[in-house]
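**Q** One file: input_4.cif (mmCIF, C-alpha atoms).
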```cif
data_upload
#
loop_
_atom_site.label_atom_id
_atom_site.label_comp_id
_atom_site.auth_asym_id
_atom_site.auth_seq_id
_atom_site.Cartn_x
_atom_site.Cartn_y
_atom_site.Cartn_z
CA MET A 22 -0.55 6.80 -34.46
CA SER A 23 1.76 3.89 -35.04
CA THR A 24 2.83 1.66 -32.20
CA CYS A 25 6.37 2.87 -32.72
CA ARG A 26 5.51 6.52 -32.27
CA LEU A 27 3.37 5.74 -29.28
CA TRP A 28 6.32 4.06 -27.61
CA TRP A 29 8.62 6.92 -28.51
CA SER A 30 6.27 9.47 -26.94
CA ALA A 31 5.84 7.32 -23.84
CA GLY A 32 9.61 7.00 -23.63
CA ILE A 33 10.10 10.75 -23.72
CA GLY A 34 7.47 11.13 -21.01
CA VAL A 35 9.29 8.65 -18.81
CA LEU A 36 12.63 10.39 -19.36
CA ILE A 37 11.13 13.74 -18.45
CA ALA A 38 9.49 12.23 -15.40
CA ILE A 39 12.79 10.73 -14.29
CA ALA A 40 14.67 13.97 -14.85
CA GLY A 41 11.94 15.82 -12.96
CA VAL A 42 11.94 18.56 -15.58
CA TRP A 43 9.10 19.58 -17.81
CA PRO A 44 10.28 21.68 -20.75
CA ALA A 45 8.15 24.75 -21.39
CA ALA A 46 7.39 23.73 -24.97
CA ALA A 47 7.26 19.95 -24.66
CA GLN A 48 7.17 18.12 -27.98
CA LEU A 49 4.20 16.06 -26.92
CA PRO A 50 0.77 15.87 -28.49
CA THR A 51 -1.82 18.24 -27.09
CA TYR A 52 -5.46 17.33 -26.95
CA GLY A 53 -6.98 20.77 -26.54
CA VAL A 54 -8.12 20.15 -23.00
CA GLY A 55 -6.81 21.20 -19.62
CA ARG A 56 -4.08 23.67 -18.70
CA PRO A 57 -0.78 23.50 -16.87
CA PRO A 58 -1.25 23.61 -13.10
CA SER A 59 -0.15 26.76 -11.33
CA ALA A 60 2.76 26.70 -8.88
CA GLU A 61 0.22 27.24 -6.10
CA GLU A 62 -1.85 24.25 -7.22
CA ILE A 63 1.20 22.03 -7.39
CA LYS A 64 2.14 23.10 -3.89
CA THR A 65 -1.21 21.96 -2.48
CA TRP A 66 -0.70 18.49 -3.94
CA ASP A 67 3.02 18.14 -3.36
CA LEU A 68 2.64 16.82 0.17
CA THR A 69 4.95 13.82 0.23
CA ILE A 70 7.61 14.01 2.89
CA PRO A 71 10.77 12.10 1.96
CA PRO A 72 12.67 10.08 4.60
CA ASP A 73 15.03 13.01 5.28
CA GLY A 74 12.08 15.14 6.36
CA GLN A 75 12.43 17.76 3.64
CA GLY A 76 9.25 19.83 3.56
CA LEU A 77 8.19 19.17 7.14
CA PRO A 78 6.63 22.37 8.46
CA SER A 79 7.39 23.99 11.78
CA GLY A 80 5.39 22.82 14.76
CA SER A 81 5.80 20.01 17.25
CA GLY A 82 4.01 17.48 19.41
CA THR A 83 4.44 14.72 21.96
CA ALA A 84 2.62 11.46 22.64
CA VAL A 85 1.03 13.01 25.70
CA LEU A 86 -0.45 15.80 23.59
CA GLY A 87 -1.41 13.32 20.89
CA THR A 88 -3.53 11.16 23.19
CA ALA A 89 -6.45 13.58 23.25
CA VAL A 90 -6.30 14.21 19.49
CA PHE A 91 -6.22 10.47 18.82
CA GLU A 92 -9.17 9.77 21.11
CA GLU A 93 -11.24 12.50 19.51
CA ARG A 94 -10.32 12.09 15.85
CA CYS A 95 -8.90 8.60 15.33
CA ALA A 96 -10.10 6.11 17.94
CA SER A 97 -13.54 5.52 16.39
CA CYS A 98 -11.85 3.65 13.51
CA HIS A 99 -8.60 2.52 15.13
CA GLY A 100 -9.58 1.75 18.74
CA GLU A 101 -8.31 3.56 21.83
CA THR A 102 -4.79 2.16 21.55
CA GLY A 103 -4.63 1.34 17.85
CA GLU A 104 -4.23 -2.32 18.64
CA ASP A 105 -7.72 -3.77 18.45
CA PRO A 106 -7.88 -6.16 15.46
CA LYS A 107 -11.48 -5.22 14.78
CA TYR A 108 -10.23 -1.79 13.65
CA SER A 109 -7.53 -0.85 11.14
CA ARG A 110 -4.62 -1.96 13.22
CA LEU A 111 -1.79 0.51 13.81
CA VAL A 112 0.08 -0.97 16.75
CA GLY A 113 1.85 -4.24 17.54
CA GLY A 114 2.94 -7.10 15.34
CA GLN A 115 6.69 -6.65 15.80
CA GLY A 116 8.45 -9.95 15.20
CA THR A 117 5.57 -11.47 13.20
CA LEU A 118 6.62 -10.63 9.62
CA ALA A 119 8.41 -13.92 8.99
CA THR A 120 5.56 -16.01 10.45
CA ASP A 121 2.50 -17.52 8.77
CA LYS A 122 0.30 -14.80 10.24
CA PRO A 123 2.21 -11.55 9.85
CA VAL A 124 0.66 -8.47 11.44
CA ARG A 125 1.60 -5.41 9.47
CA THR A 126 1.37 -2.21 11.47
CA ILE A 127 3.24 1.07 11.68
CA GLY A 128 5.47 -0.46 14.35
CA SER A 129 6.09 -3.79 12.68
CA PHE A 130 6.20 -2.82 9.02
CA TRP A 131 6.59 0.87 8.22
CA GLN A 132 10.00 1.97 7.07
CA TYR A 133 10.09 5.68 7.87
CA ALA A 134 8.44 7.82 10.53
CA THR A 135 8.12 10.66 8.02
CA THR A 136 5.71 8.52 5.99
CA LEU A 137 3.40 8.46 8.97
CA TRP A 138 3.44 12.24 9.24
CA SER A 139 2.91 12.66 5.51
CA TYR A 140 0.02 10.20 5.38
CA ILE A 141 -1.79 11.51 8.44
CA ARG A 142 -1.60 15.05 7.15
CA ARG A 143 -2.89 14.19 3.70
CA ALA A 144 -5.37 11.43 4.32
CA GLN A 145 -6.52 11.40 7.94
CA PRO A 146 -8.93 11.46 9.63
CA PHE A 147 -10.94 9.53 7.08
CA ASP A 148 -14.03 11.74 7.39
CA GLU A 149 -12.10 15.01 7.23
CA PRO A 150 -8.67 14.55 5.66
CA GLY A 151 -6.33 17.50 5.83
CA SER A 152 -8.13 19.06 8.79
CA LEU A 153 -5.41 18.49 11.39
CA THR A 154 -2.96 21.30 12.18
CA PRO A 155 0.79 20.59 11.88
CA ASP A 156 1.00 20.49 15.70
CA GLN A 157 -1.81 17.92 15.83
CA VAL A 158 -0.16 15.81 13.14
CA TYR A 159 3.15 15.86 15.04
CA ALA A 160 1.30 14.92 18.24
CA VAL A 161 -0.67 12.02 16.72
CA THR A 162 2.49 10.79 14.99
CA ALA A 163 4.31 10.90 18.34
CA TYR A 164 1.42 9.07 20.03
CA LEU A 165 1.49 6.24 17.45
CA LEU A 166 5.27 5.94 17.62
CA HIS A 167 4.99 5.80 21.40
CA LEU A 168 2.22 3.16 21.37
CA ASN A 169 4.54 1.07 19.20
CA GLY A 170 7.34 1.42 21.75
CA ILE A 171 9.55 3.43 19.40
CA ILE A 172 9.78 6.76 21.27
CA GLY A 173 9.10 7.97 24.80
CA GLU A 174 5.91 9.62 25.97
CA GLN A 175 7.57 13.03 26.32
CA ASP A 176 9.81 12.87 23.24
CA VAL A 177 9.15 15.93 21.09
CA MET A 178 8.54 15.26 17.42
CA ASP A 179 9.26 18.11 15.05
CA ALA A 180 10.90 18.71 11.67
CA LYS A 181 14.32 17.94 13.16
CA THR A 182 13.60 14.93 15.39
CA LEU A 183 11.04 13.02 13.32
CA PRO A 184 13.44 12.05 10.47
CA LEU A 185 15.90 10.74 13.09
CA VAL A 186 13.45 8.15 14.42
CA LYS A 187 14.64 4.67 13.44
CA MET A 188 11.67 2.46 12.64
CA PRO A 189 11.98 -1.22 13.71
CA ASN A 190 11.52 -2.50 10.16
CA ARG A 191 13.78 0.12 8.56
CA ASP A 192 15.94 -2.55 6.93
CA GLY A 193 13.13 -4.95 6.12
CA PHE A 194 12.74 -4.00 2.46
CA VAL A 195 14.40 -5.36 -0.67
CA PRO A 196 14.10 -4.26 -4.31
CA ASP A 197 11.42 -5.82 -6.51
CA PRO A 198 13.12 -8.90 -8.02
CA ARG A 199 10.44 -9.72 -10.57
CA PRO A 200 10.31 -11.57 -12.90
CA ASP A 201 10.46 -14.10 -10.09
CA VAL A 202 9.12 -17.09 -12.00
CA GLY A 203 10.05 -18.65 -15.33
CA PRO A 204 13.32 -18.66 -17.27
CA ALA A 205 14.00 -14.93 -16.74
CA SER A 206 13.73 -15.33 -13.00
CA SER A 207 16.79 -14.76 -10.85
CA GLN A 208 15.12 -16.55 -7.98
CA PRO A 209 16.64 -19.93 -7.02
CA LYS A 210 14.19 -22.75 -7.70
CA ARG A 211 13.34 -25.28 -5.05
CA MET B 16 8.21 7.82 0.87
CA THR B 17 4.44 7.51 0.64
CA ARG B 18 2.21 5.11 2.47
CA MET B 19 1.31 3.45 -0.82
CA GLU B 20 4.99 2.76 -1.49
CA THR B 21 5.26 1.32 2.00
CA THR B 22 2.16 -0.76 2.56
CA GLU B 23 0.52 -1.36 -0.81
CA HIS B 24 3.09 -1.63 -3.61
CA THR B 25 5.18 -3.98 -1.53
CA ALA B 26 5.07 -7.75 -1.19
CA LEU B 27 5.83 -9.46 2.09
CA VAL B 28 7.64 -12.71 1.32
CA PRO B 29 8.12 -15.72 3.65
CA ASP B 30 11.52 -14.66 5.00
CA GLY B 31 9.88 -11.56 6.49
CA LYS B 32 11.39 -9.15 3.97
CA ALA B 33 9.13 -6.95 1.88
CA ARG B 34 9.81 -6.42 -1.79
CA GLN B 35 9.45 -2.74 -2.50
CA PHE B 36 8.54 -0.52 -5.45
CA ASN B 37 6.39 -3.12 -7.14
CA PHE B 38 4.80 -1.16 -9.94
CA VAL B 39 4.81 -3.38 -13.03
CA MET B 40 1.78 -5.51 -13.69
CA GLU B 41 3.26 -8.63 -15.22
CA ALA B 42 1.56 -10.56 -18.01
CA LYS B 43 -1.97 -11.51 -17.02
CA SER B 44 -5.02 -12.86 -18.77
CA VAL B 45 -8.51 -13.85 -17.81
CA ILE B 46 -11.36 -15.55 -19.61
CA THR B 47 -14.38 -13.25 -19.53
CA PHE B 48 -16.76 -15.76 -21.13
CA PRO B 49 -17.57 -18.23 -19.72
CA SER B 50 -16.68 -16.82 -16.31
CA GLY B 51 -17.87 -16.85 -12.71
CA GLY B 52 -21.57 -16.24 -12.22
CA GLN B 53 -22.48 -17.07 -15.82
CA ARG B 54 -24.27 -20.21 -16.96
CA LEU B 55 -24.05 -22.25 -20.14
CA ALA B 56 -27.60 -23.24 -21.03
CA THR B 57 -26.85 -26.39 -22.99
CA PRO B 58 -23.88 -28.38 -24.23
CA GLY B 59 -22.71 -27.29 -27.66
CA PHE B 60 -20.66 -24.69 -29.44
CA TYR B 61 -19.27 -21.69 -27.56
CA GLU B 62 -16.68 -19.04 -28.24
CA ILE B 63 -14.35 -18.61 -25.27
CA ARG B 64 -13.41 -14.95 -24.96
CA GLY B 65 -11.05 -13.09 -22.71
CA LEU B 66 -8.53 -10.31 -22.16
CA ALA B 67 -4.74 -10.37 -21.82
CA TRP B 68 -2.34 -7.58 -20.92
CA SER B 69 1.23 -6.96 -19.81
CA GLY B 70 2.97 -4.08 -18.07
CA ARG B 71 6.09 -4.98 -20.04
CA GLY B 72 4.63 -4.36 -23.46
CA LEU B 73 2.83 -6.41 -26.08
CA ILE B 74 0.92 -9.63 -25.69
CA ARG B 75 2.37 -12.12 -28.17
CA ARG B 76 0.38 -15.24 -27.48
CA VAL B 77 -2.57 -16.51 -25.50
CA GLU B 78 -3.22 -20.20 -24.96
CA VAL B 79 -6.41 -21.65 -23.58
CA SER B 80 -6.96 -24.94 -21.78
CA THR B 81 -10.35 -26.54 -21.22
CA ASP B 82 -8.97 -29.51 -19.28
CA SER B 83 -7.34 -27.87 -16.26
CA GLY B 84 -4.02 -27.26 -17.95
CA LYS B 85 -3.36 -30.70 -19.41
CA THR B 86 -3.55 -29.50 -23.02
CA TRP B 87 -3.43 -25.99 -24.48
CA ARG B 88 -4.60 -24.47 -27.74
CA ASP B 89 -3.58 -21.11 -29.19
CA ALA B 90 -6.34 -18.53 -29.05
CA ARG B 91 -6.85 -15.95 -31.81
CA LEU B 92 -5.71 -12.44 -30.90
CA GLN B 93 -8.06 -9.74 -32.08
CA GLU B 94 -6.45 -6.62 -33.54
CA PRO B 95 -5.48 -4.07 -32.48
CA VAL B 96 -2.94 -5.51 -30.06
CA LEU B 97 -1.19 -2.56 -28.39
CA PRO B 98 1.45 -2.34 -25.66
CA LEU B 99 0.13 -2.04 -22.10
CA ALA B 100 -3.42 -2.40 -23.42
CA HIS B 101 -5.99 -5.15 -23.12
CA ALA B 102 -5.76 -7.60 -25.99
CA ARG B 103 -8.92 -9.55 -26.83
CA PHE B 104 -8.59 -13.28 -27.44
CA ARG B 105 -11.06 -15.82 -28.75
CA LEU B 106 -11.19 -19.57 -29.12
CA ASP B 107 -13.89 -21.88 -30.42
CA TRP B 108 -14.96 -24.59 -28.02
CA ARG B 109 -17.49 -27.38 -28.02
CA TRP B 110 -18.71 -28.09 -24.50
CA ASP B 111 -19.62 -31.75 -24.08
CA GLY B 112 -21.73 -31.12 -20.99
CA ARG B 113 -19.19 -32.52 -18.54
CA GLU B 114 -17.32 -30.60 -15.85
CA ALA B 115 -14.48 -28.57 -17.33
CA ILE B 116 -11.80 -26.27 -15.94
CA LEU B 117 -11.07 -23.33 -18.24
CA GLN B 118 -7.75 -21.47 -18.08
CA SER B 119 -5.90 -18.91 -20.17
CA ARG B 120 -2.15 -18.37 -20.23
CA CYS B 121 -0.51 -15.46 -22.02
CA THR B 122 3.04 -14.71 -23.14
CA ASP B 123 4.31 -11.17 -23.60
CA GLU B 124 6.98 -9.73 -25.88
CA THR B 125 9.73 -10.34 -23.31
CA GLY B 126 8.96 -14.07 -23.45
CA TYR B 127 7.48 -14.05 -19.95
CA VAL B 128 4.79 -16.69 -19.57
CA GLN B 129 1.91 -16.11 -17.16
CA PRO B 130 2.48 -18.46 -14.20
CA THR B 131 0.18 -20.67 -12.15
CA LEU B 132 -0.81 -19.61 -8.67
CA ALA B 133 1.27 -22.48 -7.25
CA GLU B 134 4.37 -21.11 -8.99
CA LEU B 135 3.76 -17.66 -7.52
CA VAL B 136 3.06 -18.97 -4.03
CA ARG B 137 6.29 -20.97 -4.15
CA VAL B 138 8.37 -17.80 -4.49
CA ARG B 139 6.11 -15.19 -2.90
CA GLY B 140 4.28 -17.09 -0.15
CA LEU B 141 0.70 -16.31 0.86
CA ASN B 142 1.10 -12.74 2.09
CA SER B 143 1.96 -11.07 -1.18
CA ILE B 144 -1.25 -9.35 -2.18
CA TYR B 145 -0.86 -6.99 -5.13
CA TYR B 146 0.17 -8.01 -8.65
CA ASN B 147 -1.30 -11.49 -8.54
CA ASN B 148 -0.92 -12.35 -12.21
CA ALA B 149 -1.63 -16.05 -11.80
CA ILE B 150 -3.64 -18.12 -14.25
CA GLN B 151 -7.35 -17.89 -13.44
CA ASN B 152 -9.43 -21.07 -13.24
CA TRP B 153 -13.13 -21.19 -14.06
CA LYS B 154 -14.98 -24.43 -13.38
CA VAL B 155 -17.88 -25.15 -15.70
CA ALA B 156 -20.06 -27.58 -13.73
CA ALA B 157 -22.21 -30.25 -15.37
CA ASP B 158 -25.28 -28.01 -14.88
CA GLY B 159 -23.56 -25.26 -16.87
CA SER B 160 -22.88 -22.96 -13.91
CA VAL B 161 -19.44 -21.32 -13.81
CA HIS B 162 -17.43 -20.80 -10.64
CA ASN B 163 -14.06 -19.47 -9.48
CA VAL B 164 -11.90 -22.35 -8.26
CA HIS B 165 -8.34 -23.11 -7.22
CA VAL B 166 -6.83 -26.19 -8.82
#
```
For the file at hand, write its structure as structure tokens.
**A**
Amino acid sequence: MSTCRLWWSAGIGVLIAIAGVWPAAAQLPTYGVGRPPSAEEIKTWDLTIPPDGQGLPSGSGTAVLGTAVFEERCASCHGETGEDPKYSRLVGGQGTLATDKPVRTIGSFWQYATTLWSYIRRAQPFDEPGSLTPDQVYAVTAYLLHLNGIIGEQDVMDAKTLPLVKMPNRDGFVPDPRPDVGPASSQPKR
Amino acid sequence: MTRMETTEHTALVPDGKARQFNFVMEAKSVITFPSGGQRLATPGFYEIRGLAWSGRGLIRRVEVSTDSGKTWRDARLQEPVLPLAHARFRLDWRWDGREAILQSRCTDETGYVQPTLAELVRVRGLNSIYYNNAIQNWKVAADGSVHNVHV
């Protein structure tokens, strides 16, 4: 295959990916392996929750309810309060991002509370990802938001309230400006 | 928004803002021989070899320095050179047995030239972790041992 054709195919793939549509008879090369995933299979992988909370299931939890779940399922790697630097740190660090020693945690760095829910459901706990019920995920999410001083101990997190939580670093992100060095850079040089 | 888009493919810069949706690997190259952990047995003729790649397309040029960036020579690119793929480069070199710093610097089809680490740190600071496409330095010591160094 020529370089040109390779690029053309890749370009079509990107366009389709952007449009979010996969034509039934795509004009792409087939390699005689695999099969299209079923709708059911796609559903089991399509777990990302966007900032507006679309796809959050029913269920709810509070920090109080999350304490026990966290102690049983999370504390062995994250410490009792998620703050101990010898574990993967989840709590604290607010106000440190512009310093020489930034501490990136859920409270200091994460942009959306829905990301926390989405990630805990899919990837936690490390030894048994996907094993928490929606109620448990809401509760642990509420517990971590509470430990970071973002919500109250009794605040109920559910599909409606979670997307409304404003994370401290919500406005701390900017688009990727690269190339950031060399003649093509838009970055001012010192 | 996924965790990876939040905590991994972002770059925290000195003003406390985080650059987001970093997905392109910019032009990068590395010398694979001689490289860290290897040893040159004796002074003499060697072929420097390495790989270059760019998330923006084709590698157009790779230069190699054996004197810590003071002078550069064009390396040979081995076909096939394909977009987004590793391109093999080679350059003949006679090692005189003295300490040498080896570096490679590639240029891609957009004209982007692989930067030094100092250039990247100047704009990104020290807390940007992913997508470090800086020039790699290998020190060949007088005993022939090769080590990773910052220059």
**Q** Can you list, as a PyMOL selection string, the residues that the PyMOL selection byres ((chain A and resi 193) around 8) selects here?
**A** (chain A and resi 130+132+190-192+194-195) or (chain B and resi 31-33)
**Q** Now that the selection is made, can you save its residues with C-alpha atoms as a PDB file, in the coordinates of the input?
**A**
```
ATOM      1  CA  PHE A 130       6.200  -2.820   9.020  1.00  0.00           C
ATOM      2  CA  GLN A 132      10.000   1.970   7.070  1.00  0.00           C
ATOM      3  CA  ASN A 190      11.520  -2.500  10.160  1.00  0.00           C
ATOM      4  CA  ARG A 191      13.780   0.120   8.560  1.00  0.00           C
ATOM      5  CA  ASP A 192      15.940  -2.550   6.930  1.00  0.00           C
ATOM      6  CA  PHE A 194      12.740  -4.000   2.460  1.00  0.00           C
ATOM      7  CA  VAL A 195      14.400  -5.360  -0.670  1.00  0.00           C
TER       8      VAL A 195
ATOM      9  CA  GLY B  31       9.880 -11.560   6.490  1.00  0.00           C
ATOM     10  CA  LYS B  32      11.390  -9.150   3.970  1.00  0.00           C
ATOM     11  CA  ALA B  33       9.130  -6.950   1.880  1.00  0.00           C
TER      12      ALA B  33
END
```
**Q** On this file, the PyMOL selection byres ((chain B and resi 67-75) around 6) gives some set of residues; write that set as a list in words.
**A** Val39, Met40, Glu41, Ala42, Lys43, Ser44, Leu66, Arg76, Pro98, Leu99, Ala100, His101, Ala102, Thr122, Asp123 and Glu124 of chain B
**Q** Convert the current residue selection to file output with C-alpha atoms, as a JSON list (two decimals), in the coordinates of the input.
**A**
```json
[["chain", "number", "residue", "atom", "x", "y", "z"],
["B", 39, "VAL", "CA", 4.81, -3.38, -13.03],
["B", 40, "MET", "CA", 1.78, -5.51, -13.69],
["B", 41, "GLU", "CA", 3.26, -8.63, -15.22],
["B", 42, "ALA", "CA", 1.56, -10.56, -18.01],
["B", 43, "LYS", "CA", -1.97, -11.51, -17.02],
["B", 44, "SER", "CA", -5.02, -12.86, -18.77],
["B", 66, "LEU", "CA", -8.53, -10.31, -22.16],
["B", 76, "ARG", "CA", 0.38, -15.24, -27.48],
["B", 98, "PRO", "CA", 1.45, -2.34, -25.66],
["B", 99, "LEU", "CA", 0.13, -2.04, -22.10],
["B", 100, "ALA", "CA", -3.42, -2.40, -23.42],
["B", 101, "HIS", "CA", -5.99, -5.15, -23.12],
["B", 102, "ALA", "CA", -5.76, -7.60, -25.99],
["B", 122, "THR", "CA", 3.04, -14.71, -23.14],
["B", 123, "ASP", "CA", 4.31, -11.17, -23.60],
["B", 124, "GLU", "CA", 6.98, -9.73, -25.88]]
```
**Q** Kindly provide, as a VMD selection string, the residues of chain B having any atom no farther than 6 Å from an atom of chain A, counting all atoms listed in the file.
**A** chain B and resid 16 to 17 29 to 35 37
**Q** What does the distance from atom CA of Asn142 of chain B to atom CA of Pro106 of chain A come to in Å, to one decimal?
**A** 17.4 Å
**Q** Which residues, named as in the file, does the PyMOL selection byres ((chain B and resi 52) around 10) pick out? Answer as an mmCIF file with C-alpha atoms, in the frame of the given file.
**A**
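So out_27.cif came out as:
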```
data_model
loop_
_atom_site.group_PDB
_atom_site.id
_atom_site.type_symbol
_atom_site.label_atom_id
_atom_site.label_comp_id
_atom_site.auth_asym_id
_atom_site.auth_seq_id
_atom_site.Cartn_x
_atom_site.Cartn_y
_atom_site.Cartn_z
ATOM 1 C CA PRO B 49 -17.570 -18.230 -19.720
ATOM 2 C CA SER B 50 -16.680 -16.820 -16.310
ATOM 3 C CA GLY B 51 -17.870 -16.850 -12.710
ATOM 4 C CA GLN B 53 -22.480 -17.070 -15.820
ATOM 5 C CA ARG B 54 -24.270 -20.210 -16.960
ATOM 6 C CA TRP B 153 -13.130 -21.190 -14.060
ATOM 7 C CA SER B 160 -22.880 -22.960 -13.910
ATOM 8 C CA VAL B 161 -19.440 -21.320 -13.810
ATOM 9 C CA HIS B 162 -17.430 -20.800 -10.640
ATOM 10 C CA ASN B 163 -14.060 -19.470 -9.480
#
```
**Q** Take atom CA of Arg120 of chain B and atom CA of Glu23 of chain B and report the distance between them in Å, one decimal.
**A**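 If I compute the distance from atom CA of Arg120 of chain B to atom CA of Glu23 of chain B, I get 26.0 Å.
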**Q** Atom CA of Gly76 of chain A to atom CA of Gly113 of chain A: how many Å, to one decimal?
**A**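 It comes out at 28.8 Å.
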**Q** I need every residue sitting at most 6 Å from the point (-1.5, -24.3, -27.6) (coordinates as in the file, all atoms listed in the file considered), written as a ChimeraX atom specification.
**A** /B:78,87-89
**Q** Using all atoms listed in the file, find the one residue out of A:Met178, A:Ala96, A:Ala144, A:Leu86 that sits nearest to Met19 of chain B.
**A**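 That would be A:Ala144, the residue with the smallest distance to Met19 of chain B.
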**Q** Pick from B:Lys154, B:Arg103, B:Arg18, B:Arg113: nearest to Pro58 of chain B, with only C-alpha atoms counted?
**A**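 Selected residue with least distance to Pro58 of chain B: B:Arg113.
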**Q** Which of these residues is nearest to Thr21 of chain B, using only C-alpha atoms: B:Ala157, B:His165, B:Val79, B:Phe36?
**A**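 Checking each candidate against Thr21 of chain B, we get B:Phe36 as the closest.
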**Q** Once 4 Å is added on each side, what centre and edge lengths in Å to one decimal does the axis-aligned box around all listed atoms of segment 71-79 of chain A have, as lines of an AutoDock Vina configuration file?
**A**
```
center_x = 10.8
center_y = 17.0
center_z = 6.9
size_x = 16.4
size_y = 21.9
size_z = 17.8
```
**Q** So, counting all atoms listed in the file, which residue among A:Glu93, A:Ile172, A:Val186, A:Glu101 is closest to Leu153 of chain A?
**A** A:Glu93
**Q** Nearest to Pro184 of chain A: which of A:Phe91, A:Tyr159, A:Phe147, A:Tyr164 is it, counting all atoms listed in the file?
**A**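 Comparing A:Phe91, A:Tyr159, A:Phe147, A:Tyr164 against Pro184 of chain A, the winner is A:Tyr159.
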